[in-house]
Amino acid sequence: MFQVHVRTRINGDDTEFSCEADETLLDALRDRLGLTGAKEGCGTGDCGACSVLVDGRLVCACLMLGAEAEGCDIETVEGMADGSKLHPLQQKFLDHAALQCGVCTPGFLVAAKSLLERNDNPTEEEVRYWLAGNLCRCTGYDKIVRAVLDTAADMRKASKPKPAKAKKASAKGRVSA
Amino acid sequence: MEYFAPASTKEAVKLLGTAKGKVHVMAGGTDLLVRMKGGYTEPDAIVDIKRIAALRKIVRAGKGWRIGAAVSAAEMGEDKALKKAWPGVVEAANLIGSTQVQGRATIAGNLCNASPAADSVPAMAAVGAKAVIAGAKGTRKVAVEKLVKGPGKTTLKKSEFVESIELPEKKKRMGDAYLRFIPRTEMDIAVVGVGICLTLDAKGKCMAARVALGAVGPTVIISAKAAKALVGTTVDDAALDALARACAAEAKPIDDKRGTKEFRKHIAGVLARRAAIIARDRAKENS
Amino acid sequence: MNVQPDNKAMKRDFDIVGKRTPRPDGIDKVTGRARFGADMSMPGMLWGLVLRSPHAHAKIKRIDTSKAEKLNGVHAIVTSKDFGPCDDSLLDIRENVMAREKALYDGHAVAAVAAVSRSVARQALKLIKVDYQVLPHVTDVDEAMKPDAPVINDKLFTKGLDKTPKKPSNIAERFEFGHGEVEKGFKEADLVIERTFRTEATHQGYIEPHACVASMGADGRGEMWVCTQGHFMVRNTCAGLLGIDVSNLRVTASEIGGGFGGKTTVFIEPVALALSLKANRPVKMVMSREEVLRASGPTSSSSIDVKIGMKKDGTITAGDATLRYQGGAFPGSAVPYGAMACFAPYDLKNVRAIGWDVIANRPKQAAYRAPGAPMGAYAIESVIDELCRELKLDPIDVRLKNASSDGSKASYGPNFGVIGLKATLEAAKNHPHWKAKLGKNQGRGVACGFWFNFGGETSVSLNVNVDGTVGLSVGTPDIGGSRASIGNMAAEELGIPHDKVRCIIADTASLGYNDVTDGSRVTFASGMAAIQAARDAIGKLCERAAKIWGIPVDAVVWEKGHARPASPNAGKHEPLSLADIAAQAGATGGPIAGHCEINAEGAGVSFATHMVDSEVDPETGHVKILRYTVFQDAGKAVHPSYVEGQFQGGAVQGIGWALNEEYIYSKDGRLQNPGFLDYRIPVCSDLPMIDTVIVEVPNPGHPYGVRGVGETSIVPPLAAISNSVSDAAKVRMTRLPMSPPNVLKALGRI
């Protein structure tokens, strides 16, 4: 089988790998690079368990060839925590018991991170629609949605500028209760 | 299998012409990879067009728009001017699959995949979108509804591929809308899709209309009868009822795992009614 | 919200139990480090893939593997010939994991290969030639019962009849439960309603497909890494199928990405082991989602007749039901459970439930959360709802009036002990949800549900470490946080902080036998065993303290994590903590450990009441769930977050079952929707928050009052949602799923 040599950056590390031309990025991550955090729940883009960020864009790693990753910056769940310091979403998922079996959790975390990077004040409905491509069969999504909303609230509080600046931000339409 | 990522349209055309065996053009890849996974296609080569810089842009083409074939649905949604001009088309693109899928999927790919249920196709057909086709002899343009021959089949020749989609100028008092019906709220394939674009006169009377029905025939159905039900009316209840009846009559669906014939015909009417109201209101806002 | 009805008998204060502590496997699971089935690799590992039948029913005339064997990179191919004689109890499993004379359903395994890569294995599958003789097939339960239906197994003669028939059929067995005289009861009724209901087969829909790595060495010793609800079951079954000594097979359970009953049996595991045996190399197998849907174990589809009589005052005078479940190509559907559970919420004088176990050309059904019960409850609770509407009675009051309570004779035989059904109904009646206003095209439904819960064989080992921490080994895979719950119960009993106990799932070589994680048994049974193991260890800790103090052991008591003199007569000694004693273990007699090996008795049954509001779009038939509240008796909620999670998860699986999930077979008997695209489980945007009310009526059969909670939550939703939709649509729904086309049809719009 025709092999492709690929140079990427994964979770900040320059990484090279060879893979078969028709191999998905997910298989390359899991089987070639040992990054098994992204899961294959369907292989057809229907479950979101393999969600990763490619050049900042949320994608299913099962719907992308490894070969397409040439020159791309890839973030996976393994890169979310800062050393032993969990990402706020990771901590909130634990606090809210937003996981039962945990197999969908990496995908949800990566997808939720991508949402909060774009929108730090999502409504419940916005969270639910953004995450509609991430299937969870254990939780009924309740605690996941709460964890994401709670993270957003905390992140807003943490990044909330001093009162004078808040006014300015408000003028841009970014801050609300 | 071989993987090619040409840097120019010319190179891509050349590769398509010379590559041996079964060659697939890949834009977002969100349909192609699923078909490969299921064993429905085994390409000998894939030509990835995402490295062609020109195809990754949305640009103004005269007073209209040119959307490169490698522009993702998410990128379309982030283009405020495009969204303002043709909200129906952009919304249709942003109904394709999940957030993850929208990060990759393109409307050119959605078109060339030639699924009868493609979400963006009725929306594009309703506004009169054209596919710009690159080939060995230069480019040609064809109305999107003419590109698809049947389920999974297009009129593209071996060395051709769609390099962009052109949307026309959005004129005053025009409004477009696309609605689809699915059993859940997300993640399903359209059971029925309806794209409508209409133009009102200064008094609010419909001067022109295009109604495109998806998932109720082998290819998108452009219904002249449905359009006729709207033209000359103020898109009032009577006109909407006539529209619904026309759409239900024009739909030629099949029974399958996603819906029955009767259900699809009925829903075509219901959705057409709802889409026409949105398109009408948008046209009014745009006066 | 938490409701504790007045039950002083078992009131006690807990330090840790009932607290929302962090879960021990949490950080691994949010950082991607947790290792699930497909995350394991072994040196020299091959990839295994299965060739599956494209036919619903076909004779396998010949399998030619010669071309595939010659393909470079192929190391082993197995067919049914590689699975020799086995115990009679394993015959159906042996045939299900690899078809023998016939392929019995679309997706039935026919052959398997192991090769150096997945792509080589895929090529090899294409080179295997199978000659099939296609046979007539049947997939529908009612069709399969007809006298002229194609006979799937000519050795199947209906059991449970007065006289065993001479002709084979697809009807495997008849069951009957009940007491009293139903016909007499119907005569006493003011209104009798009789209805027929249908439900379609659904799948557990766990997100993690089945996966395993099997390694069988030339020395006859093997190891397996398996995503399963029961690694001891995998060990015993695989050893039995391949003629290996049980002690020569060591199985480790991976983290498990959902099971809901679907991982309580084997599919690819014996195949991987057979390939490994033949290739003499480790073999990894991972099912695709398509394989999971076509060839693991979905639920039964069902067809149910119900007749119930009621007096004007709401008294149910008689209930009669006939349940027909197809359980796939082999006998053993969950119809007996359905028939036993369907009337269990009610204390009835006259009741009868008949169950028919039917085979069809579909994959062999596996357990799915309260197996068999949701369909039966759907039918019975729908008719009760209709009776209430017709007689203009409040559906909660009527249920309270007829509800089973402590000591009631259950419809399936025994007398109930202490139960909490009425408490859940009272909680529902008093909840603001019950009084909230509804809008146009909206409706509200309630329904009750019952599940038996289970104890089972359990073995636990608890080791006191030198630094005062405790290692707790259990043998029941943790499917939703049970390590936290079990560890917390051990910590509670020992009187030490919860984070001093580390609970792990030990492999099959390290513990006595454990039944699978099923029957809502783990927090109950492994928890009870952990408490008993802790008590065993406490006994030994007290002995050591007695030795240190030089006093008799019966003069030592264990309180709040310390050994203390039982009374002033025992002398004045500073209390010794667990850590103090552990530090001196070597000098006082060696390691300190506690054990418990039990067949856990005393599992308390559990009941729930669900309340749901829905809105129906009369033009499209689309149903939206607006509000949902679960009221369920947990006995004692050891970890309330996970109890809520079980309530919510079960309710949402029920929503999927009620609204959009179904196995769709075409006329040729092939599954039409083997993927998450068209097998439509609820997505996040389909749902509201799921409110929960934990009712606690302690189970006297458990030291802390625990009842299983995992399964009951899927029993009421089908009925509650159907009742809600019927209320909104003003028409009685009798068919699941209530997908838009089915609803629109019921409304008479198409």
# chains A, B, ... in the order shown; residues from 1 in each chain; ligands from 1
$ residues_around --residues "Leu273 (chain C)" --least-positions-apart "2" --cutoff "12 Å" --atoms "only C-alpha atoms" --output "mmCIF file with C-alpha atoms, in the first residue's frame"
data_model
loop_
_atom_site.group_PDB
_atom_site.id
_atom_site.type_symbol
_atom_site.label_atom_id
_atom_site.label_comp_id
_atom_site.auth_asym_id
_atom_site.auth_seq_id
_atom_site.Cartn_x
_atom_site.Cartn_y
_atom_site.Cartn_z
ATOM 1 C CA LEU C 46 -2.229 -9.031 14.211
ATOM 2 C CA TRP C 47 -5.580 -7.530 13.224
ATOM 3 C CA GLY C 48 -8.620 -9.733 13.001
ATOM 4 C CA ALA C 76 -4.761 -17.340 10.252
ATOM 5 C CA ILE C 77 -8.281 -17.977 9.029
ATOM 6 C CA VAL C 78 -10.967 -19.588 11.136
ATOM 7 C CA ASP C 82 -12.181 -24.324 14.409
ATOM 8 C CA PHE C 83 -14.787 -24.457 17.161
ATOM 9 C CA VAL C 97 -20.132 -16.446 17.191
ATOM 10 C CA ALA C 112 -12.525 -14.598 10.247
ATOM 11 C CA VAL C 113 -8.987 -13.689 9.316
ATOM 12 C CA ALA C 114 -5.949 -12.403 11.170
ATOM 13 C CA CYS C 212 -10.514 -7.188 22.444
ATOM 14 C CA VAL C 213 -6.941 -8.379 22.174
ATOM 15 C CA ALA C 214 -6.341 -12.101 22.599
ATOM 16 C CA SER C 215 -2.947 -13.696 23.016
ATOM 17 C CA MET C 216 -2.610 -17.446 23.127
ATOM 18 C CA GLY C 217 0.892 -18.788 23.503
ATOM 19 C CA GLY C 220 -1.334 -23.186 26.054
ATOM 20 C CA ARG C 221 -1.636 -20.157 28.275
ATOM 21 C CA GLY C 222 -3.603 -17.172 27.152
ATOM 22 C CA GLU C 223 -4.331 -13.614 28.048
ATOM 23 C CA MET C 224 -7.169 -11.404 26.926
ATOM 24 C CA TRP C 225 -7.888 -7.724 27.172
ATOM 25 C CA VAL C 226 -11.598 -7.241 26.668
ATOM 26 C CA VAL C 234 -15.546 -14.078 28.961
ATOM 27 C CA ARG C 235 -12.921 -16.347 30.503
ATOM 28 C CA THR C 237 -17.096 -18.978 27.898
ATOM 29 C CA CYS C 238 -13.955 -18.705 25.772
ATOM 30 C CA ALA C 239 -12.250 -21.475 27.692
ATOM 31 C CA GLY C 240 -15.322 -23.659 27.266
ATOM 32 C CA LEU C 241 -15.608 -22.980 23.544
ATOM 33 C CA LEU C 242 -11.955 -23.641 22.791
ATOM 34 C CA GLY C 243 -11.278 -26.433 25.261
ATOM 35 C CA ILE C 244 -8.811 -24.484 27.376
ATOM 36 C CA LEU C 249 -6.856 -18.036 30.462
ATOM 37 C CA ARG C 250 -6.389 -14.744 32.223
ATOM 38 C CA VAL C 251 -8.759 -11.979 31.260
ATOM 39 C CA VAL C 266 -19.346 -12.845 23.789
ATOM 40 C CA PHE C 267 -19.197 -12.138 20.067
ATOM 41 C CA ILE C 268 -15.686 -11.533 18.698
ATOM 42 C CA GLU C 269 -13.795 -12.645 21.808
ATOM 43 C CA PRO C 270 -13.734 -16.412 21.149
ATOM 44 C CA VAL C 271 -12.970 -15.670 17.498
ATOM 45 C CA LEU C 275 -7.266 -16.775 15.549
ATOM 46 C CA SER C 276 -4.521 -16.198 18.089
ATOM 47 C CA LEU C 277 -4.331 -19.907 18.809
ATOM 48 C CA LYS C 278 -3.915 -20.619 15.122
ATOM 49 C CA ALA C 279 -1.553 -17.734 14.315
ATOM 50 C CA ASN C 280 0.415 -18.067 17.542
ATOM 51 C CA ARG C 281 0.404 -14.287 17.812
ATOM 52 C CA PRO C 282 -1.736 -11.741 19.634
ATOM 53 C CA VAL C 283 -4.825 -10.745 17.677
ATOM 54 C CA LYS C 284 -6.791 -7.552 18.073
ATOM 55 C CA MET C 285 -10.383 -7.302 16.957
#
$ interface_residues --of "chain A" --to "chain C" --cutoff "8 Å" --atoms "only C-alpha atoms" --output "PyMOL selection string"
chain A and resi 30+36-43+46-47+77-78+80-81+90+93-97+99-106+109+125+128-129+131-143
$ write_last_selection --atoms "C-alpha atoms" --output "PDB file, in the first residue's frame"
ATOM      1  CA  ARG A  30      -4.354   5.977  17.487  1.00  0.00           C
ATOM      2  CA  THR A  36      -5.686   6.828  21.809  1.00  0.00           C
ATOM      3  CA  GLY A  37      -7.644   9.612  23.504  1.00  0.00           C
ATOM      4  CA  ALA A  38      -9.773  10.184  20.401  1.00  0.00           C
ATOM      5  CA  LYS A  39     -12.129   7.210  20.064  1.00  0.00           C
ATOM      6  CA  GLU A  40     -13.777   5.525  17.102  1.00  0.00           C
ATOM      7  CA  GLY A  41     -17.450   5.140  17.909  1.00  0.00           C
ATOM      8  CA  CYS A  42     -18.733   4.953  14.348  1.00  0.00           C
ATOM      9  CA  GLY A  43     -16.063   5.788  11.785  1.00  0.00           C
ATOM     10  CA  ASP A  46     -21.997  10.401  13.299  1.00  0.00           C
ATOM     11  CA  CYS A  47     -20.828  10.197  16.923  1.00  0.00           C
ATOM     12  CA  VAL A  77      -7.791  15.683  24.229  1.00  0.00           C
ATOM     13  CA  GLU A  78      -4.291  14.704  25.349  1.00  0.00           C
ATOM     14  CA  MET A  80      -6.030  19.961  26.774  1.00  0.00           C
ATOM     15  CA  ALA A  81      -4.545  19.937  30.255  1.00  0.00           C
ATOM     16  CA  GLN A  90     -12.067  18.868  32.313  1.00  0.00           C
ATOM     17  CA  PHE A  93     -16.857  17.513  33.818  1.00  0.00           C
ATOM     18  CA  LEU A  94     -15.510  15.868  36.974  1.00  0.00           C
ATOM     19  CA  ASP A  95     -17.318  18.245  39.338  1.00  0.00           C
ATOM     20  CA  HIS A  96     -20.658  17.735  37.591  1.00  0.00           C
ATOM     21  CA  ALA A  97     -20.248  13.967  37.112  1.00  0.00           C
ATOM     22  CA  LEU A  99     -19.330  11.295  32.481  1.00  0.00           C
ATOM     23  CA  GLN A 100     -20.387   7.777  33.210  1.00  0.00           C
ATOM     24  CA  CYS A 101     -18.492   5.346  30.997  1.00  0.00           C
ATOM     25  CA  GLY A 102     -16.262   8.136  29.724  1.00  0.00           C
ATOM     26  CA  VAL A 103     -15.752   6.946  26.165  1.00  0.00           C
ATOM     27  CA  CYS A 104     -17.495   9.940  24.602  1.00  0.00           C
ATOM     28  CA  THR A 105     -15.828  12.337  27.040  1.00  0.00           C
ATOM     29  CA  PRO A 106     -12.702  13.196  25.000  1.00  0.00           C
ATOM     30  CA  LEU A 109     -14.328  18.046  25.801  1.00  0.00           C
ATOM     31  CA  GLU A 125     -29.753  25.762  23.231  1.00  0.00           C
ATOM     32  CA  ARG A 128     -27.034  21.573  22.767  1.00  0.00           C
ATOM     33  CA  TYR A 129     -26.876  22.288  19.028  1.00  0.00           C
ATOM     34  CA  LEU A 131     -22.733  19.352  20.688  1.00  0.00           C
ATOM     35  CA  ALA A 132     -25.433  17.559  18.659  1.00  0.00           C
ATOM     36  CA  GLY A 133     -22.733  15.694  16.756  1.00  0.00           C
ATOM     37  CA  ASN A 134     -21.335  14.198  19.948  1.00  0.00           C
ATOM     38  CA  LEU A 135     -23.312  11.178  21.037  1.00  0.00           C
ATOM     39  CA  CYS A 136     -23.484  10.128  24.665  1.00  0.00           C
ATOM     40  CA  ARG A 137     -25.559   7.113  25.581  1.00  0.00           C
ATOM     41  CA  CYS A 138     -25.018   7.120  29.353  1.00  0.00           C
ATOM     42  CA  THR A 139     -25.852  10.538  30.731  1.00  0.00           C
ATOM     43  CA  GLY A 140     -28.809  11.839  28.751  1.00  0.00           C
ATOM     44  CA  TYR A 141     -26.576  14.914  28.243  1.00  0.00           C
ATOM     45  CA  ASP A 142     -28.020  16.771  31.264  1.00  0.00           C
ATOM     46  CA  LYS A 143     -24.846  16.907  33.336  1.00  0.00           C
TER      47      LYS A 143
END
$ interface_residues --of "chain A" --to "chain B" --cutoff "9 Å" --atoms "only C-alpha atoms" --output "PyMOL selection string"
chain A and resi 1-4+20-22+24+43-46+48+51-52+57-60+62-65+67-68+111+129-134
$ closest_atom_pairs --of "chain C" --to "chain B" --cutoff "12 Å" --atoms "only C-alpha atoms" --output "Markdown table"
| residue | atom | partner | partner_atom | distance |
| --- | --- | --- | --- | --- |
| C:Ser119 | CA | B:Lys37 | CA | 11.3 |
| C:Arg122 | CA | B:Gly39 | CA | 9.8 |
| C:Gln123 | CA | B:Gly39 | CA | 11.2 |
| C:Lys126 | CA | B:Gly39 | CA | 10.9 |
| C:Ser288 | CA | B:Lys37 | CA | 9.6 |
| C:Arg289 | CA | B:Gly38 | CA | 10.4 |
| C:Glu290 | CA | B:Gly38 | CA | 8.6 |
| C:Glu291 | CA | B:Gly38 | CA | 11.0 |
| C:Asp617 | CA | B:Val270 | CA | 11.0 |
| C:Pro618 | CA | B:Val270 | CA | 10.5 |
| C:Glu619 | CA | B:Val270 | CA | 6.8 |
| C:Thr620 | CA | B:Ile267 | CA | 6.4 |
| C:Gly621 | CA | B:Pro183 | CA | 9.1 |
| C:His622 | CA | B:Pro183 | CA | 6.8 |
| C:Val623 | CA | B:Pro183 | CA | 8.7 |
| C:Lys624 | CA | B:Arg184 | CA | 9.0 |
| C:Ile625 | CA | B:Arg184 | CA | 11.2 |
| C:Ile655 | CA | B:Arg184 | CA | 11.5 |
| C:Gly656 | CA | B:Arg184 | CA | 9.8 |
| C:Leu659 | CA | B:Pro183 | CA | 8.7 |
| C:Asn660 | CA | B:Pro183 | CA | 7.1 |
| C:Glu661 | CA | B:Pro183 | CA | 10.2 |
| C:Glu662 | CA | B:Lys257 | CA | 10.0 |
| C:Tyr663 | CA | B:Lys257 | CA | 9.7 |
| C:Ile664 | CA | B:Lys257 | CA | 6.7 |
| C:Tyr665 | CA | B:Lys257 | CA | 8.7 |
| C:Ser666 | CA | B:Lys257 | CA | 8.7 |
| C:Lys667 | CA | B:Asp256 | CA | 11.4 |
| C:Arg670 | CA | B:Lys257 | CA | 12.0 |
| C:Leu671 | CA | B:Lys257 | CA | 10.0 |
| C:Gln672 | CA | B:Lys257 | CA | 6.8 |
| C:Asn673 | CA | B:Lys257 | CA | 7.3 |
| C:Pro674 | CA | B:Gly38 | CA | 10.7 |
| C:Gly675 | CA | B:Gly38 | CA | 10.3 |
| C:Phe676 | CA | B:Met187 | CA | 9.0 |
| C:Leu677 | CA | B:Asp188 | CA | 6.1 |
| C:Asp678 | CA | B:Asp188 | CA | 7.1 |
| C:Tyr679 | CA | B:Asp188 | CA | 9.6 |
| C:Arg680 | CA | B:Arg184 | CA | 7.5 |
| C:Ile681 | CA | B:Arg184 | CA | 8.7 |
| C:Pro682 | CA | B:Arg184 | CA | 7.3 |
| C:Val683 | CA | B:Glu186 | CA | 7.2 |
| C:Cys684 | CA | B:Glu186 | CA | 8.8 |
| C:Ser685 | CA | B:Thr185 | CA | 6.2 |
| C:Asp686 | CA | B:Thr185 | CA | 5.6 |
| C:Leu687 | CA | B:Thr185 | CA | 9.3 |
| C:Pro737 | CA | B:Pro183 | CA | 11.1 |
| C:Met738 | CA | B:Pro183 | CA | 10.1 |
| C:Ser739 | CA | B:Pro183 | CA | 6.8 |
| C:Pro740 | CA | B:Pro183 | CA | 6.4 |
| C:Pro741 | CA | B:Phe263 | CA | 5.9 |
| C:Asn742 | CA | B:Phe263 | CA | 9.2 |
| C:Val743 | CA | B:Phe263 | CA | 10.4 |
| C:Leu744 | CA | B:Phe263 | CA | 7.9 |
| C:Lys745 | CA | B:Phe263 | CA | 8.5 |
| C:Gly748 | CA | B:Phe263 | CA | 11.3 |
| C:Arg749 | CA | B:His266 | CA | 8.4 |
| C:Ile750 | CA | B:Glu262 | CA | 6.2 |
$ residues_around --residues "Asp190 (chain C)" --least-positions-apart "5" --cutoff "9 Å" --atoms "only C-alpha atoms" --output "list in words"
Gly309, Met310, Lys311 and Lys312 of chain C
$ write_last_selection --atoms "C-alpha atoms" --output "compact mmCIF listing (two decimals), in the first residue's frame"
# COMPACT_ATOMS: atom_id res chain seq x y z
CA GLY C 309 -60.82 -4.04 33.79
CA MET C 310 -61.44 -1.12 36.14
CA LYS C 311 -64.22 -0.01 38.44
CA LYS C 312 -65.51 3.55 38.39
$ closest_residue --among "B:Thr155, B:Ser287, B:Ser164, B:Ser115" --to "Ala129 (chain B)" --atoms "only C-alpha atoms"
B:Ser164
$ select_by_dssp --residues "region 530-734 of chain C" --states "helix (DSSP H, G or I)" --output "ChimeraX atom specification"
/C:530-549,553-555,568-570,578-583,585-588,640-659,684-686,712-714,717-729
$ closest_residue --among "B:Cys112, B:Leu15, B:Val235, B:Ala246" --to "Val148 (chain B)" --atoms "only C-alpha atoms"
B:Cys112
$ residues_around --residues "Arg180 (chain B)" --least-positions-apart "6" --cutoff "6 Å" --atoms "only C-alpha atoms" --output "count of residues only"
3
$ atom_distance --atom1 "CA of Gly705 (chain C)" --atom2 "CA of Ala366 (chain C)"
29.6 Å
$ residues_around --residues "Trp65 (chain B)" --least-positions-apart "2" --cutoff "12 Å" --atoms "only C-alpha atoms" --output "tab-separated table (two decimals) with N, CA, C and O atoms, in the first residue's frame"
chain	number	residue	atom	x	y	z
B	57	LYS	N	-11.54	30.36	-0.93
B	57	LYS	CA	-12.01	31.72	-0.66
B	57	LYS	C	-13.45	31.94	-1.11
B	57	LYS	O	-13.92	31.30	-2.04
B	58	ILE	N	-14.08	32.88	-0.41
B	58	ILE	CA	-15.38	33.39	-0.86
B	58	ILE	C	-15.10	34.78	-1.42
B	58	ILE	O	-14.54	35.62	-0.71
B	59	VAL	N	-15.41	35.00	-2.70
B	59	VAL	CA	-15.13	36.32	-3.29
B	59	VAL	C	-16.38	36.85	-3.98
B	59	VAL	O	-17.29	36.09	-4.32
B	60	ARG	N	-16.41	38.17	-4.19
B	60	ARG	CA	-17.50	38.75	-4.96
B	60	ARG	C	-17.21	38.52	-6.44
B	60	ARG	O	-16.09	38.70	-6.89
B	61	ALA	N	-18.20	38.08	-7.17
B	61	ALA	CA	-18.05	37.89	-8.61
B	61	ALA	C	-19.06	38.83	-9.24
B	61	ALA	O	-20.24	38.53	-9.29
B	62	GLY	N	-18.57	40.00	-9.66
B	62	GLY	CA	-19.49	41.04	-10.09
B	62	GLY	C	-20.33	41.43	-8.88
B	62	GLY	O	-19.81	41.65	-7.80
B	63	LYS	N	-21.64	41.42	-9.06
B	63	LYS	CA	-22.50	41.72	-7.91
B	63	LYS	C	-22.91	40.45	-7.17
B	63	LYS	O	-23.57	40.51	-6.15
B	67	ILE	N	-18.09	31.05	-4.40
B	67	ILE	CA	-17.68	30.28	-3.21
B	67	ILE	C	-16.80	29.15	-3.69
B	67	ILE	O	-17.25	28.25	-4.42
B	68	GLY	N	-15.52	29.20	-3.31
B	68	GLY	CA	-14.57	28.18	-3.74
B	68	GLY	C	-15.01	26.80	-3.29
B	68	GLY	O	-15.66	26.64	-2.26
B	76	MET	N	-18.60	29.41	5.45
B	76	MET	CA	-19.71	30.16	4.85
B	76	MET	C	-20.54	30.84	5.94
B	76	MET	O	-20.94	31.99	5.81
B	79	ASP	N	-19.11	34.07	7.20
B	79	ASP	CA	-19.04	35.20	6.26
B	79	ASP	C	-20.33	36.00	6.37
B	79	ASP	O	-21.36	35.62	5.81
B	81	ALA	N	-21.42	38.89	5.29
B	81	ALA	CA	-22.04	39.49	4.10
B	81	ALA	C	-22.78	38.44	3.29
B	81	ALA	O	-23.90	38.66	2.82
B	82	LEU	N	-22.16	37.28	3.13
B	82	LEU	CA	-22.78	36.19	2.37
B	82	LEU	C	-24.06	35.74	3.07
B	82	LEU	O	-25.09	35.51	2.45
B	83	LYS	N	-23.96	35.64	4.38
B	83	LYS	CA	-25.09	35.16	5.17
B	83	LYS	C	-26.26	36.15	5.06
B	83	LYS	O	-27.42	35.74	5.01
B	85	ALA	N	-26.79	38.13	2.52
B	85	ALA	CA	-27.31	38.12	1.16
B	85	ALA	C	-28.19	36.89	0.91
B	85	ALA	O	-29.32	37.00	0.46
B	86	TRP	N	-27.66	35.72	1.20
B	86	TRP	CA	-28.37	34.48	0.88
B	86	TRP	C	-28.49	33.59	2.12
B	86	TRP	O	-27.87	32.54	2.20
B	89	VAL	N	-29.28	29.76	1.63
B	89	VAL	CA	-28.18	28.91	1.16
B	89	VAL	C	-27.21	28.62	2.31
B	89	VAL	O	-26.79	27.48	2.52
B	127	VAL	N	-32.03	29.66	-5.64
B	127	VAL	CA	-31.52	31.01	-5.91
B	127	VAL	C	-30.84	31.11	-7.28
B	127	VAL	O	-30.34	32.17	-7.65
B	128	GLY	N	-30.79	30.00	-8.01
B	128	GLY	CA	-30.19	30.03	-9.34
B	128	GLY	C	-28.68	29.95	-9.32
B	128	GLY	O	-27.99	30.59	-10.12
B	129	ALA	N	-28.15	29.13	-8.43
B	129	ALA	CA	-26.69	28.99	-8.34
B	129	ALA	C	-26.15	28.21	-9.53
B	129	ALA	O	-26.85	27.36	-10.10
B	130	LYS	N	-24.91	28.53	-9.88
B	130	LYS	CA	-24.24	27.82	-10.96
B	130	LYS	C	-22.96	27.18	-10.46
B	130	LYS	O	-22.27	27.74	-9.61
B	131	ALA	N	-22.67	26.02	-11.01
B	131	ALA	CA	-21.40	25.36	-10.70
B	131	ALA	C	-20.39	25.76	-11.76
B	131	ALA	O	-20.69	25.70	-12.96
B	132	VAL	N	-19.22	26.20	-11.33
B	132	VAL	CA	-18.14	26.52	-12.26
B	132	VAL	C	-17.26	25.29	-12.36
B	132	VAL	O	-16.70	24.82	-11.37
B	164	SER	N	-15.90	26.00	-8.18
B	164	SER	CA	-16.59	26.94	-7.30
B	164	SER	C	-18.09	26.93	-7.59
B	164	SER	O	-18.54	26.36	-8.58
B	165	ILE	N	-18.81	27.55	-6.69
B	165	ILE	CA	-20.26	27.74	-6.87
B	165	ILE	C	-20.50	29.24	-6.96
B	165	ILE	O	-20.01	30.00	-6.11
B	166	GLU	N	-21.25	29.63	-7.96
B	166	GLU	CA	-21.57	31.06	-8.10
B	166	GLU	C	-23.02	31.30	-7.70
B	166	GLU	O	-23.93	30.63	-8.18
B	167	LEU	N	-23.19	32.26	-6.81
B	167	LEU	CA	-24.54	32.69	-6.44
B	167	LEU	C	-24.77	34.04	-7.11
B	167	LEU	O	-23.87	34.87	-7.18
B	168	PRO	N	-25.99	34.27	-7.58
B	168	PRO	CA	-26.25	35.52	-8.30
B	168	PRO	C	-26.31	36.72	-7.35
B	168	PRO	O	-26.24	36.56	-6.13
B	169	GLU	N	-26.45	37.88	-7.96
B	169	GLU	CA	-26.64	39.09	-7.18
B	169	GLU	C	-27.95	39.00	-6.40
B	169	GLU	O	-28.96	38.52	-6.94
B	170	LYS	N	-27.92	39.43	-5.18
B	170	LYS	CA	-29.15	39.48	-4.40
B	170	LYS	C	-29.79	40.83	-4.66
B	170	LYS	O	-29.25	41.88	-4.27
$ select_by_dssp --residues "region 26-173 of chain A" --states "strand (DSSP E)" --output "ChimeraX atom specification"
/A:51-54,57-60,73-75
